[in-house]
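Scroll down for the structure; my scribbles are underneath it.
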Amino acid sequence: MARGVAGAQAGASKQPTGTTPQAAGPEAGRGEAVGPLERGLDVLRVMADSAEAVRPGDLVRATGLARSAVDRIAATLVHLGYLRAEGRDLVLAPRLMEFGNAYLDASGLSRALRPSLERLTRPLDESVSAIVLDGCDARIVGTAVPPGRVIPLGFRVGDLLPSERCAAGAVLATGWDPSTHEAWRARRAVDPLDAGFPAVPTRPTAPRPERTEADFASWTTAAAANGWALDDQLVAPGLVALAVPVRDPDGRPVCAISVLAHTSRHSADDLRAHALTEMDRAAQDIADALYGTAHPLPAAPPPAAPAYADAKPELGPSFLQALARGLAVLTALGGRRGGLTLAEAAEAAGLSYQSARRNLLTLSELSYVEQHGRRFLPGPRVLELGYARLSTLTLADIARPHLADLVSRVRESASLAVLDGAEVRYVARVATGQITSARITPGTRLPAYATSMGRVLLAGLPRAEWPERIRSLRPQALTPHTLTSPEALTAAFAQAADDGFALVEQELEAGLRSLAVPVRDRSGRAVAALNVAMHAGPESPEHTRDTMLSALSACAARVEADLALASAHAPVETG
């Protein structure tokens, strides 16, 4: 792998703010920055930093923008799917993870890190993280937790930590240049209490700058000499951490692997004795995955549909083309490991060369994009755009707003369930206020064989497993209509598999009809089912199918699209 790409993978050689892309030419400068793009990113940062839903008025106060500008930005971001409007409130939408995914894809980090991090949790039985340099601080870019741990420690992908308060920061600081040191001093002067780092406790009092400087210099020197760094309750009381570097072929630290433990389990010295050997081995495996000849840089990007679609004719002046184009360029850069040239980025985003150039200039100045040779890659800073919050979404969280939209369209209750042994377990539900609405809540379990959601989930299993699965279900006649014989159930599963949906008429309860479709993950596996349930009134089951199936399938497709984004680099909790 080329050395420039290696730097981008870890964010270790970030361009200083104000550096222009080489392809833009020496005459390019701040005057060419795309204002709507910069303002749109400001809005997204405010949204990402808020723990609650945000109203346009809040954005006006936080950004200093005019209300008319905020309204246009919000309308554009909602139309693009990065924000969602809930009444007067705005909330982050899973599609916003596109930017963080673009960084993880283009850098190759996730592919290199994930297997090693997951392997490392087994012998250590502790949470581990991968951390890169983002400006002068440490950004989490990968995590893994021990299997079966009820309350795992650790941070989220996207969290930012002060370098002087984490072992990974000391390891990465061994490769700092003078400009990074100056940026670090300036950051500490502006934020001595670390209030700008939501992932760590705020300091009760500001430390003396000279003391912090001396302590961090000593810590960094020791990390360089030892090849590791220990954090004894600096990042948070009661937590200890050990970090080791992942080095590029020239020996520079481009990433740090960190293990975090509670002091009730390990002291700092105990953690080093327990974990150092395994961590050094994992760091070498990651370096081999990043730089080994078995993973050469692809020669050409794969064909891709343009990312940009002009909605100006549909939305009129409320749609900000410049914002949409800039975000399309940022997303397009994730189309290939190693990044894209300017011409490739323009083609992938569906923009002119000059438009792509102007947007890359703005994104580079804001440190969201890094240039290495002729190629541009998203930088780790894009993870600040809501990735940490969105990466913790469960399947129920992802599905709930889509269920609400479905219910508003079809005027019937909608639910999401997963297969749990012989039963389906409800994980999300939006009910109507109708008198016939079933009283079902998340956590409710029902026999899979007699429900539409159970049918589509069982139909998604390999057909060779159906006979044994039917025997284990032990079906009973819950109503006169319930299918119980192996032959009838096998035929029902086959019909659901062929049709892509299941319609169950009064088999679970007299008077209850339900229609379900599967929800599939990135591999095409049915991980959940989505249904609408209603009173079996005078309309025929076929009428329900004809009037409801299209909306139900469209809802499932929207859930699948969000699930694919959320699970691109880490599993999503489905239960």
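Convention: chains lettered A, B, ... in structure tokens order; per-chain residue numbering from 1; ligands numbered from 1 as shown.
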Which residues come within 8 Å of range 402-415 of chain A, counting only C-alpha atoms, excluding same-chain residues fewer than 5 positions away, as a CSV table (one decimal) with N, CA, C and O atoms, in the first residue's frame?
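around13.csv, written as the output of this step:
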```
chain,number,residue,atom,x,y,z
A,426,TYR,N,-41.7,-9.6,19.9
A,426,TYR,CA,-41.9,-8.2,19.4
A,426,TYR,C,-40.8,-7.3,19.9
A,426,TYR,O,-40.5,-7.3,21.1
A,427,VAL,N,-40.2,-6.5,19.0
A,427,VAL,CA,-39.1,-5.6,19.4
A,427,VAL,C,-39.5,-4.1,19.2
A,427,VAL,O,-38.9,-3.2,19.8
A,428,ALA,N,-40.5,-3.9,18.4
A,428,ALA,CA,-41.0,-2.5,18.1
A,428,ALA,C,-42.4,-2.6,17.7
A,428,ALA,O,-42.8,-3.5,17.0
A,429,ARG,N,-43.2,-1.6,18.1
A,429,ARG,CA,-44.6,-1.6,17.7
A,429,ARG,C,-45.2,-0.2,17.7
A,429,ARG,O,-44.9,0.6,18.6
A,430,VAL,N,-46.0,0.2,16.7
A,430,VAL,CA,-46.7,1.4,16.7
A,430,VAL,C,-48.2,1.1,16.4
A,430,VAL,O,-48.5,0.5,15.4
A,431,ALA,N,-49.0,1.4,17.4
A,431,ALA,CA,-50.4,1.0,17.4
A,431,ALA,C,-51.3,2.2,16.9
A,431,ALA,O,-51.0,3.3,17.2
A,432,THR,N,-52.4,1.8,16.3
A,432,THR,CA,-53.4,2.9,16.1
A,432,THR,C,-54.3,3.0,17.3
A,432,THR,O,-54.2,2.2,18.3
A,437,SER,N,-57.6,-2.4,18.0
A,437,SER,CA,-56.2,-2.6,18.0
A,437,SER,C,-55.7,-3.6,19.0
A,437,SER,O,-56.1,-3.5,20.2
A,530,LEU,N,-41.7,-7.6,9.5
A,530,LEU,CA,-42.6,-6.4,9.8
A,530,LEU,C,-44.0,-6.8,9.3
A,530,LEU,O,-44.2,-7.4,8.3
A,531,ASN,N,-45.0,-6.4,10.2
A,531,ASN,CA,-46.3,-6.7,9.8
A,531,ASN,C,-47.3,-5.6,10.1
A,531,ASN,O,-47.0,-4.6,10.8
A,532,VAL,N,-48.5,-5.7,9.5
A,532,VAL,CA,-49.6,-4.9,9.9
A,532,VAL,C,-50.7,-5.9,10.3
A,532,VAL,O,-50.9,-7.0,9.7
A,533,ALA,N,-51.4,-5.6,11.4
A,533,ALA,CA,-52.4,-6.4,12.0
A,533,ALA,C,-53.7,-5.7,12.1
A,533,ALA,O,-53.7,-4.5,12.4
A,534,MET,N,-54.8,-6.3,11.8
A,534,MET,CA,-56.1,-5.6,11.7
A,534,MET,C,-57.2,-6.6,12.1
A,534,MET,O,-57.0,-7.8,12.1
A,548,MET,N,-52.5,-3.4,1.1
A,548,MET,CA,-51.5,-3.1,2.1
A,548,MET,C,-50.1,-3.5,1.7
A,548,MET,O,-49.1,-3.0,2.2
A,551,ALA,N,-47.3,-0.8,0.5
A,551,ALA,CA,-46.8,0.1,1.5
A,551,ALA,C,-46.0,-0.7,2.5
A,551,ALA,O,-45.0,-0.2,3.0
A,552,LEU,N,-46.4,-1.9,2.9
A,552,LEU,CA,-45.6,-2.7,3.8
A,552,LEU,C,-44.2,-3.1,3.3
A,552,LEU,O,-43.2,-2.9,4.0
A,555,CYS,N,-42.0,0.0,3.3
A,555,CYS,CA,-41.5,0.3,4.7
A,555,CYS,C,-40.4,-0.6,5.0
A,555,CYS,O,-39.3,-0.2,5.5
A,558,ARG,N,-37.2,0.5,3.4
A,558,ARG,CA,-36.6,1.7,4.1
A,558,ARG,C,-35.8,1.3,5.3
A,558,ARG,O,-34.8,1.8,5.6
A,559,VAL,N,-36.4,0.3,6.1
A,559,VAL,CA,-35.7,-0.2,7.2
A,559,VAL,C,-34.4,-0.9,6.8
A,559,VAL,O,-33.4,-0.7,7.4
```
Enumerate as an mmCIF file with N, CA and C atoms, in the first residue's frame all residues of range 84-292 of chain A assigned to strand (DSSP E or B) by DSSP on the backbone, naming them with the chain letters and numbers the document uses.
```cif
data_model
loop_
_atom_site.group_PDB
_atom_site.id
_atom_site.type_symbol
_atom_site.label_atom_id
_atom_site.label_comp_id
_atom_site.auth_asym_id
_atom_site.auth_seq_id
_atom_site.Cartn_x
_atom_site.Cartn_y
_atom_site.Cartn_z
ATOM 1 N N ARG A 84 -34.270 13.869 10.030
ATOM 2 C CA ARG A 84 -35.673 13.493 9.954
ATOM 3 C C ARG A 84 -36.478 14.523 10.747
ATOM 4 N N ALA A 85 -37.582 14.959 10.179
ATOM 5 C CA ALA A 85 -38.464 15.900 10.860
ATOM 6 C C ALA A 85 -39.527 15.130 11.623
ATOM 7 N N GLU A 86 -39.646 15.418 12.910
ATOM 8 C CA GLU A 86 -40.695 14.830 13.750
ATOM 9 C C GLU A 86 -41.489 15.986 14.350
ATOM 10 N N ASP A 89 -39.569 19.143 15.535
ATOM 11 C CA ASP A 89 -38.221 18.738 15.919
ATOM 12 C C ASP A 89 -37.461 18.144 14.737
ATOM 13 N N LEU A 90 -36.144 18.246 14.822
ATOM 14 C CA LEU A 90 -35.241 17.604 13.873
ATOM 15 C C LEU A 90 -34.389 16.596 14.621
ATOM 16 N N VAL A 91 -34.208 15.411 14.052
ATOM 17 C CA VAL A 91 -33.371 14.374 14.657
ATOM 18 C C VAL A 91 -32.447 13.805 13.583
ATOM 19 N N LEU A 92 -31.345 13.213 14.042
ATOM 20 C CA LEU A 92 -30.412 12.573 13.120
ATOM 21 C C LEU A 92 -31.046 11.328 12.526
ATOM 22 N N SER A 127 -12.894 -4.954 26.897
ATOM 23 C CA SER A 127 -13.221 -4.189 25.702
ATOM 24 C C SER A 127 -11.958 -3.596 25.086
ATOM 25 N N VAL A 128 -11.892 -3.595 23.757
ATOM 26 C CA VAL A 128 -10.734 -3.035 23.060
ATOM 27 C C VAL A 128 -11.218 -2.028 22.021
ATOM 28 N N SER A 129 -10.343 -1.070 21.710
ATOM 29 C CA SER A 129 -10.666 -0.030 20.741
ATOM 30 C C SER A 129 -9.482 0.215 19.831
ATOM 31 N N ALA A 130 -9.773 0.739 18.651
ATOM 32 C CA ALA A 130 -8.751 1.258 17.743
ATOM 33 C C ALA A 130 -8.937 2.758 17.674
ATOM 34 N N ILE A 131 -7.840 3.493 17.741
ATOM 35 C CA ILE A 131 -7.897 4.937 17.889
ATOM 36 C C ILE A 131 -6.879 5.573 16.949
ATOM 37 N N VAL A 132 -7.289 6.644 16.256
ATOM 38 C CA VAL A 132 -6.387 7.351 15.348
ATOM 39 C C VAL A 132 -6.297 8.805 15.766
ATOM 40 N N LEU A 133 -5.320 9.474 15.210
ATOM 41 C CA LEU A 133 -5.145 10.891 15.457
ATOM 42 C C LEU A 133 -6.106 11.688 14.597
ATOM 43 N N ASP A 134 -6.855 12.600 15.224
ATOM 44 C CA ASP A 134 -7.731 13.514 14.506
ATOM 45 C C ASP A 134 -7.335 14.923 14.940
ATOM 46 N N ASP A 137 -6.066 15.308 18.696
ATOM 47 C CA ASP A 137 -6.712 14.448 19.673
ATOM 48 C C ASP A 137 -6.992 13.066 19.094
ATOM 49 N N ALA A 138 -7.623 12.228 19.885
ATOM 50 C CA ALA A 138 -7.729 10.810 19.570
ATOM 51 C C ALA A 138 -9.170 10.440 19.252
ATOM 52 N N ARG A 139 -9.394 9.874 18.079
ATOM 53 C CA ARG A 139 -10.737 9.521 17.615
ATOM 54 C C ARG A 139 -10.895 7.996 17.582
ATOM 55 N N ILE A 140 -11.944 7.487 18.211
ATOM 56 C CA ILE A 140 -12.232 6.046 18.184
ATOM 57 C C ILE A 140 -12.732 5.664 16.792
ATOM 58 N N VAL A 141 -12.099 4.647 16.173
ATOM 59 C CA VAL A 141 -12.522 4.221 14.835
ATOM 60 C C VAL A 141 -12.912 2.751 14.784
ATOM 61 N N GLY A 142 -12.778 2.050 15.879
ATOM 62 C CA GLY A 142 -13.183 0.647 15.910
ATOM 63 C C GLY A 142 -13.276 0.169 17.346
ATOM 64 N N THR A 143 -14.224 -0.712 17.615
ATOM 65 C CA THR A 143 -14.403 -1.252 18.957
ATOM 66 C C THR A 143 -14.788 -2.722 18.876
ATOM 67 N N ALA A 144 -14.531 -3.433 19.966
ATOM 68 C CA ALA A 144 -15.013 -4.810 20.119
ATOM 69 C C ALA A 144 -15.177 -5.068 21.601
ATOM 70 N N LEU A 160 -14.470 11.286 20.521
ATOM 71 C CA LEU A 160 -13.194 11.997 20.521
ATOM 72 C C LEU A 160 -12.701 12.122 21.959
ATOM 73 N N LEU A 161 -11.414 11.812 22.183
ATOM 74 C CA LEU A 161 -10.813 11.848 23.509
ATOM 75 C C LEU A 161 -9.649 12.844 23.516
ATOM 76 N N ALA A 229 1.794 2.563 26.338
ATOM 77 C CA ALA A 229 1.466 3.594 27.319
ATOM 78 C C ALA A 229 0.340 3.100 28.208
ATOM 79 N N LEU A 230 0.423 3.469 29.481
ATOM 80 C CA LEU A 230 -0.611 3.119 30.457
ATOM 81 C C LEU A 230 -1.366 4.366 30.893
ATOM 82 N N ASP A 231 -2.668 4.247 31.012
ATOM 83 C CA ASP A 231 -3.530 5.304 31.536
ATOM 84 C C ASP A 231 -4.130 4.789 32.838
ATOM 85 N N ASP A 232 -3.721 5.383 33.936
ATOM 86 C CA ASP A 232 -4.225 4.965 35.237
ATOM 87 C C ASP A 232 -5.233 6.000 35.726
ATOM 88 N N LEU A 239 -11.093 3.648 35.784
ATOM 89 C CA LEU A 239 -10.756 2.961 34.543
ATOM 90 C C LEU A 239 -9.259 3.035 34.284
ATOM 91 N N VAL A 240 -8.715 1.924 33.824
ATOM 92 C CA VAL A 240 -7.316 1.880 33.411
ATOM 93 C C VAL A 240 -7.259 1.391 31.974
ATOM 94 N N ALA A 241 -6.230 1.823 31.245
ATOM 95 C CA ALA A 241 -6.117 1.450 29.833
ATOM 96 C C ALA A 241 -4.661 1.240 29.473
ATOM 97 N N LEU A 242 -4.446 0.362 28.522
ATOM 98 C CA LEU A 242 -3.129 0.105 27.939
ATOM 99 C C LEU A 242 -3.246 0.275 26.439
ATOM 100 N N ALA A 243 -2.296 0.976 25.836
ATOM 101 C CA ALA A 243 -2.315 1.193 24.387
ATOM 102 C C ALA A 243 -0.971 0.851 23.787
ATOM 103 N N VAL A 244 -1.024 0.284 22.576
ATOM 104 C CA VAL A 244 0.181 -0.009 21.802
ATOM 105 C C VAL A 244 -0.008 0.537 20.395
ATOM 106 N N PRO A 245 1.083 0.880 19.713
ATOM 107 C CA PRO A 245 0.944 1.465 18.379
ATOM 108 C C PRO A 245 0.834 0.418 17.277
ATOM 109 N N VAL A 246 0.114 0.788 16.215
ATOM 110 C CA VAL A 246 0.196 0.106 14.927
ATOM 111 C C VAL A 246 1.056 1.010 14.050
ATOM 112 N N ARG A 247 2.141 0.468 13.502
ATOM 113 C CA ARG A 247 3.113 1.305 12.798
ATOM 114 C C ARG A 247 3.067 1.058 11.291
ATOM 115 N N PRO A 253 3.657 5.748 14.163
ATOM 116 C CA PRO A 253 2.382 5.251 14.707
ATOM 117 C C PRO A 253 1.213 5.845 13.931
ATOM 118 N N VAL A 254 0.437 5.016 13.300
ATOM 119 C CA VAL A 254 -0.712 5.483 12.525
ATOM 120 C C VAL A 254 -2.031 5.135 13.191
ATOM 121 N N CYS A 255 -1.958 4.325 14.219
ATOM 122 C CA CYS A 255 -3.160 3.873 14.915
ATOM 123 C C CYS A 255 -2.708 3.323 16.254
ATOM 124 N N ALA A 256 -3.580 3.334 17.227
ATOM 125 C CA ALA A 256 -3.292 2.731 18.520
ATOM 126 C C ALA A 256 -4.382 1.731 18.861
ATOM 127 N N ILE A 257 -3.966 0.627 19.441
ATOM 128 C CA ILE A 257 -4.901 -0.370 19.957
ATOM 129 C C ILE A 257 -4.925 -0.217 21.467
ATOM 130 N N SER A 258 -6.123 -0.085 22.024
ATOM 131 C CA SER A 258 -6.246 0.183 23.452
ATOM 132 C C SER A 258 -7.195 -0.814 24.099
ATOM 133 N N VAL A 259 -6.830 -1.278 25.284
ATOM 134 C CA VAL A 259 -7.716 -2.134 26.070
ATOM 135 C C VAL A 259 -8.091 -1.361 27.319
ATOM 136 N N LEU A 260 -9.373 -1.420 27.675
ATOM 137 C CA LEU A 260 -9.910 -0.658 28.799
ATOM 138 C C LEU A 260 -10.448 -1.628 29.842
ATOM 139 N N ALA A 261 -10.123 -1.379 31.107
ATOM 140 C CA ALA A 261 -10.585 -2.265 32.179
ATOM 141 C C ALA A 261 -10.953 -1.442 33.401
ATOM 142 N N HIS A 262 -11.797 -2.019 34.240
ATOM 143 C CA HIS A 262 -12.160 -1.364 35.496
ATOM 144 C C HIS A 262 -11.125 -1.731 36.556
#
```
For this session: Give the alpha helix (DSSP H) residues of range 367-398 of chain A, as DSSP finds them on the backbone, and put them as a list of chain:residue names.
Result: A:Tyr387, A:Ala388, A:Arg389, A:Leu390, A:Leu395, A:Ala396, A:Asp397, A:Ile398
Give me a file of those residues, with N, CA, C and O atoms, as a PDB file, in the first residue's frame.
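Written out: selection.pdb:
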```pdb
ATOM      1  N   TYR A 387     -21.793  10.020  14.113  1.00  0.00           N
ATOM      2  CA  TYR A 387     -21.538   8.587  13.996  1.00  0.00           C
ATOM      3  C   TYR A 387     -21.625   7.885  15.354  1.00  0.00           C
ATOM      4  O   TYR A 387     -22.159   6.773  15.454  1.00  0.00           O
ATOM      5  N   ALA A 388     -21.093   8.521  16.405  1.00  0.00           N
ATOM      6  CA  ALA A 388     -21.100   7.868  17.716  1.00  0.00           C
ATOM      7  C   ALA A 388     -22.525   7.592  18.180  1.00  0.00           C
ATOM      8  O   ALA A 388     -22.829   6.490  18.661  1.00  0.00           O
ATOM      9  N   ARG A 389     -23.397   8.567  18.037  1.00  0.00           N
ATOM     10  CA  ARG A 389     -24.785   8.361  18.475  1.00  0.00           C
ATOM     11  C   ARG A 389     -25.507   7.346  17.607  1.00  0.00           C
ATOM     12  O   ARG A 389     -26.213   6.463  18.101  1.00  0.00           O
ATOM     13  N   LEU A 390     -25.357   7.455  16.311  1.00  0.00           N
ATOM     14  CA  LEU A 390     -26.085   6.575  15.407  1.00  0.00           C
ATOM     15  C   LEU A 390     -25.561   5.142  15.456  1.00  0.00           C
ATOM     16  O   LEU A 390     -26.312   4.200  15.173  1.00  0.00           O
ATOM     17  N   LEU A 395     -31.964  -2.324  16.014  1.00  0.00           N
ATOM     18  CA  LEU A 395     -32.903  -2.514  14.914  1.00  0.00           C
ATOM     19  C   LEU A 395     -34.256  -1.894  15.243  1.00  0.00           C
ATOM     20  O   LEU A 395     -34.908  -1.298  14.377  1.00  0.00           O
ATOM     21  N   ALA A 396     -34.674  -1.993  16.497  1.00  0.00           N
ATOM     22  CA  ALA A 396     -35.947  -1.377  16.893  1.00  0.00           C
ATOM     23  C   ALA A 396     -35.891   0.138  16.740  1.00  0.00           C
ATOM     24  O   ALA A 396     -36.854   0.758  16.271  1.00  0.00           O
ATOM     25  N   ASP A 397     -34.767   0.744  17.128  1.00  0.00           N
ATOM     26  CA  ASP A 397     -34.608   2.192  16.968  1.00  0.00           C
ATOM     27  C   ASP A 397     -34.712   2.590  15.497  1.00  0.00           C
ATOM     28  O   ASP A 397     -35.330   3.593  15.143  1.00  0.00           O
ATOM     29  N   ILE A 398     -34.054   1.808  14.650  1.00  0.00           N
ATOM     30  CA  ILE A 398     -34.059   2.103  13.218  1.00  0.00           C
ATOM     31  C   ILE A 398     -35.463   1.970  12.637  1.00  0.00           C
ATOM     32  O   ILE A 398     -35.900   2.788  11.821  1.00  0.00           O
TER      33      ILE A 398
END
```
For this session: Name all residues at most 10 Å from Glu38 in chain A (count only C-alpha atoms; drop same-chain ones fewer than 4 positions away) and give them as a list in words.
Result: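 Final neighbour list, sorted by chain and number: Ala33, Val34, Asp42, Val43, Leu44, Ala322, Leu323, Gly326, Asn359, Thr362, Leu363, Glu365 and Leu366 of chain A.
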For this session: Go through A:Arg39, A:Arg265, A:His79, A:Arg211 and flag the residue nearest Thr63 in chain A, using only C-alpha atoms for the distances.
Result: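 Going through A:Arg39, A:Arg265, A:His79, A:Arg211 one by one, the smallest distance to Thr63 in chain A is for A:Arg39.
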For this session: Measuring atom to atom with only C-alpha atoms, identify which of A:Ala102, A:Leu563, A:Leu276, A:Val456 is nearest to Val504 in chain A.
Result: A:Val456
For this session: Show which residues sit within 9 Å of range 351-356 of chain A, as a list in words. Count only C-alpha atoms, and ignore same-chain residues fewer than 2 positions away.
Result: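 Residues meeting the cut-off are Ala24, Pro306, Ala307, Tyr308, Ala322, Arg325, Gly326, Ala328, Val329, Leu342, Ala343, Ala345, Ala346, Glu347, Ala348, Ala349, Arg358, Asn359, Leu360 and Leu361 of chain A.
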Just the selected residues (N, CA and C atoms), exported as a PDB file, in the first residue's frame, please.
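Result file follows (again-v1.pdb):
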```pdb
ATOM      1  N   ALA A  24      -6.384  21.706  -7.036  1.00  0.00           N
ATOM      2  CA  ALA A  24      -7.104  22.964  -7.139  1.00  0.00           C
ATOM      3  C   ALA A  24      -6.209  24.087  -7.651  1.00  0.00           C
ATOM      4  N   PRO A 306     -23.950   8.106 -10.130  1.00  0.00           N
ATOM      5  CA  PRO A 306     -23.701   9.413  -9.530  1.00  0.00           C
ATOM      6  C   PRO A 306     -24.457   9.570  -8.210  1.00  0.00           C
ATOM      7  N   ALA A 307     -23.780  10.168  -7.243  1.00  0.00           N
ATOM      8  CA  ALA A 307     -24.386  10.316  -5.924  1.00  0.00           C
ATOM      9  C   ALA A 307     -25.326  11.504  -5.857  1.00  0.00           C
ATOM     10  N   TYR A 308     -25.155  12.468  -6.751  1.00  0.00           N
ATOM     11  CA  TYR A 308     -25.920  13.706  -6.641  1.00  0.00           C
ATOM     12  C   TYR A 308     -27.184  13.658  -7.490  1.00  0.00           C
ATOM     13  N   ALA A 322     -25.770  23.601  -3.601  1.00  0.00           N
ATOM     14  CA  ALA A 322     -24.364  23.590  -3.217  1.00  0.00           C
ATOM     15  C   ALA A 322     -24.115  22.657  -2.036  1.00  0.00           C
ATOM     16  N   ARG A 325     -24.467  19.004  -3.327  1.00  0.00           N
ATOM     17  CA  ARG A 325     -23.316  18.613  -4.142  1.00  0.00           C
ATOM     18  C   ARG A 325     -22.094  18.332  -3.277  1.00  0.00           C
ATOM     19  N   GLY A 326     -21.859  19.187  -2.290  1.00  0.00           N
ATOM     20  CA  GLY A 326     -20.709  18.962  -1.426  1.00  0.00           C
ATOM     21  C   GLY A 326     -20.803  17.660  -0.656  1.00  0.00           C
ATOM     22  N   ALA A 328     -22.480  15.061  -1.591  1.00  0.00           N
ATOM     23  CA  ALA A 328     -22.338  13.972  -2.564  1.00  0.00           C
ATOM     24  C   ALA A 328     -20.869  13.678  -2.828  1.00  0.00           C
ATOM     25  N   VAL A 329     -20.036  14.713  -2.905  1.00  0.00           N
ATOM     26  CA  VAL A 329     -18.600  14.507  -3.101  1.00  0.00           C
ATOM     27  C   VAL A 329     -18.012  13.764  -1.912  1.00  0.00           C
ATOM     28  N   LEU A 342      -9.397  13.720  -8.227  1.00  0.00           N
ATOM     29  CA  LEU A 342     -10.422  14.735  -8.410  1.00  0.00           C
ATOM     30  C   LEU A 342     -11.373  14.349  -9.541  1.00  0.00           C
ATOM     31  N   ALA A 343     -10.817  13.884 -10.662  1.00  0.00           N
ATOM     32  CA  ALA A 343     -11.657  13.505 -11.795  1.00  0.00           C
ATOM     33  C   ALA A 343     -12.575  12.335 -11.435  1.00  0.00           C
ATOM     34  N   ALA A 345     -13.633  11.562  -8.419  1.00  0.00           N
ATOM     35  CA  ALA A 345     -14.644  12.044  -7.478  1.00  0.00           C
ATOM     36  C   ALA A 345     -15.767  12.774  -8.211  1.00  0.00           C
ATOM     37  N   ALA A 346     -15.395  13.583  -9.204  1.00  0.00           N
ATOM     38  CA  ALA A 346     -16.411  14.299  -9.977  1.00  0.00           C
ATOM     39  C   ALA A 346     -17.336  13.316 -10.688  1.00  0.00           C
ATOM     40  N   GLU A 347     -16.752  12.289 -11.299  1.00  0.00           N
ATOM     41  CA  GLU A 347     -17.562  11.304 -12.021  1.00  0.00           C
ATOM     42  C   GLU A 347     -18.461  10.523 -11.061  1.00  0.00           C
ATOM     43  N   ALA A 348     -17.892  10.112  -9.922  1.00  0.00           N
ATOM     44  CA  ALA A 348     -18.672   9.313  -8.977  1.00  0.00           C
ATOM     45  C   ALA A 348     -19.822  10.114  -8.377  1.00  0.00           C
ATOM     46  N   ALA A 349     -19.608  11.427  -8.178  1.00  0.00           N
ATOM     47  CA  ALA A 349     -20.654  12.265  -7.588  1.00  0.00           C
ATOM     48  C   ALA A 349     -21.622  12.805  -8.624  1.00  0.00           C
ATOM     49  N   ARG A 358     -14.236  22.649  -6.251  1.00  0.00           N
ATOM     50  CA  ARG A 358     -14.607  23.639  -5.246  1.00  0.00           C
ATOM     51  C   ARG A 358     -15.039  22.973  -3.946  1.00  0.00           C
ATOM     52  N   ASN A 359     -15.781  21.891  -4.060  1.00  0.00           N
ATOM     53  CA  ASN A 359     -16.243  21.206  -2.853  1.00  0.00           C
ATOM     54  C   ASN A 359     -15.108  20.501  -2.129  1.00  0.00           C
ATOM     55  N   LEU A 360     -14.193  19.909  -2.864  1.00  0.00           N
ATOM     56  CA  LEU A 360     -13.041  19.292  -2.224  1.00  0.00           C
ATOM     57  C   LEU A 360     -12.187  20.334  -1.511  1.00  0.00           C
ATOM     58  N   LEU A 361     -12.089  21.518  -2.090  1.00  0.00           N
ATOM     59  CA  LEU A 361     -11.354  22.600  -1.446  1.00  0.00           C
ATOM     60  C   LEU A 361     -11.982  22.933  -0.091  1.00  0.00           C
TER      61      LEU A 361
END
```
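Closest approach to Gly421 in chain A among A:Leu340, A:Val572, A:Ala173, A:Ile470: A:Ile470, based on only C-alpha atoms.
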Can you pull out the residues contacting Ala224 in chain A? Cut-off 8 Å, using only C-alpha atoms, and skip same-chain residues under 4 positions away; I want them as a JSON list (two decimals) with all heavy atoms, in the first residue's frame.
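What landed in selection15.json:
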```json
[["chain", "number", "residue", "atom", "x", "y", "z"],
["A", 171, "VAL", "N", 0.54, 7.38, 22.88],
["A", 171, "VAL", "CA", 1.19, 6.58, 21.84],
["A", 171, "VAL", "C", 1.22, 7.34, 20.52],
["A", 171, "VAL", "O", 2.24, 7.40, 19.83],
["A", 171, "VAL", "CB", 0.47, 5.23, 21.69],
["A", 171, "VAL", "CG1", 0.88, 4.53, 20.40],
["A", 171, "VAL", "CG2", 0.76, 4.33, 22.89],
["A", 174, "THR", "N", 3.70, 10.36, 19.95],
["A", 174, "THR", "CA", 5.12, 10.12, 19.66],
["A", 174, "THR", "C", 5.45, 10.46, 18.21],
["A", 174, "THR", "O", 6.62, 10.62, 17.87],
["A", 174, "THR", "CB", 5.50, 8.66, 19.95],
["A", 174, "THR", "OG1", 4.73, 7.79, 19.10],
["A", 174, "THR", "CG2", 5.24, 8.30, 21.40],
["A", 220, "THR", "N", 4.69, 10.82, 26.89],
["A", 220, "THR", "CA", 4.96, 10.53, 25.48],
["A", 220, "THR", "C", 6.37, 9.97, 25.30],
["A", 220, "THR", "O", 6.58, 9.02, 24.52],
["A", 220, "THR", "CB", 4.78, 11.81, 24.64],
["A", 220, "THR", "OG1", 3.46, 12.31, 24.82],
["A", 220, "THR", "CG2", 5.01, 11.53, 23.17],
["A", 228, "TRP", "N", 4.61, 1.25, 24.46],
["A", 228, "TRP", "CA", 3.26, 1.16, 25.01],
["A", 228, "TRP", "C", 3.05, 2.32, 25.97],
["A", 228, "TRP", "O", 4.00, 2.98, 26.38],
["A", 228, "TRP", "CB", 3.01, -0.16, 25.74],
["A", 228, "TRP", "CG", 4.09, -0.55, 26.73],
["A", 228, "TRP", "CD1", 5.15, -1.37, 26.51],
["A", 228, "TRP", "CD2", 4.20, -0.11, 28.10],
["A", 228, "TRP", "NE1", 5.93, -1.48, 27.64],
["A", 228, "TRP", "CE2", 5.37, -0.71, 28.63],
["A", 228, "TRP", "CE3", 3.47, 0.73, 28.92],
["A", 228, "TRP", "CZ2", 5.80, -0.51, 29.94],
["A", 228, "TRP", "CZ3", 3.90, 0.96, 30.23],
["A", 228, "TRP", "CH2", 5.03, 0.33, 30.73]]
```
For this session: Find the residues around range 103-116 of chain A up to 9 Å (only C-alpha atoms counted), leave out those fewer than 2 positions away in its own chain, and share them as a ChimeraX atom specification.
Result: /A:5-11,98-101,118-121,130,141-144,282-283,285-290,331,333-340,377-383,569-570
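Proximity ranking of A:Arg88, A:Arg445, A:Arg474, A:His181 relative to Val424 in chain A places A:Arg445 first, based on only C-alpha atoms.
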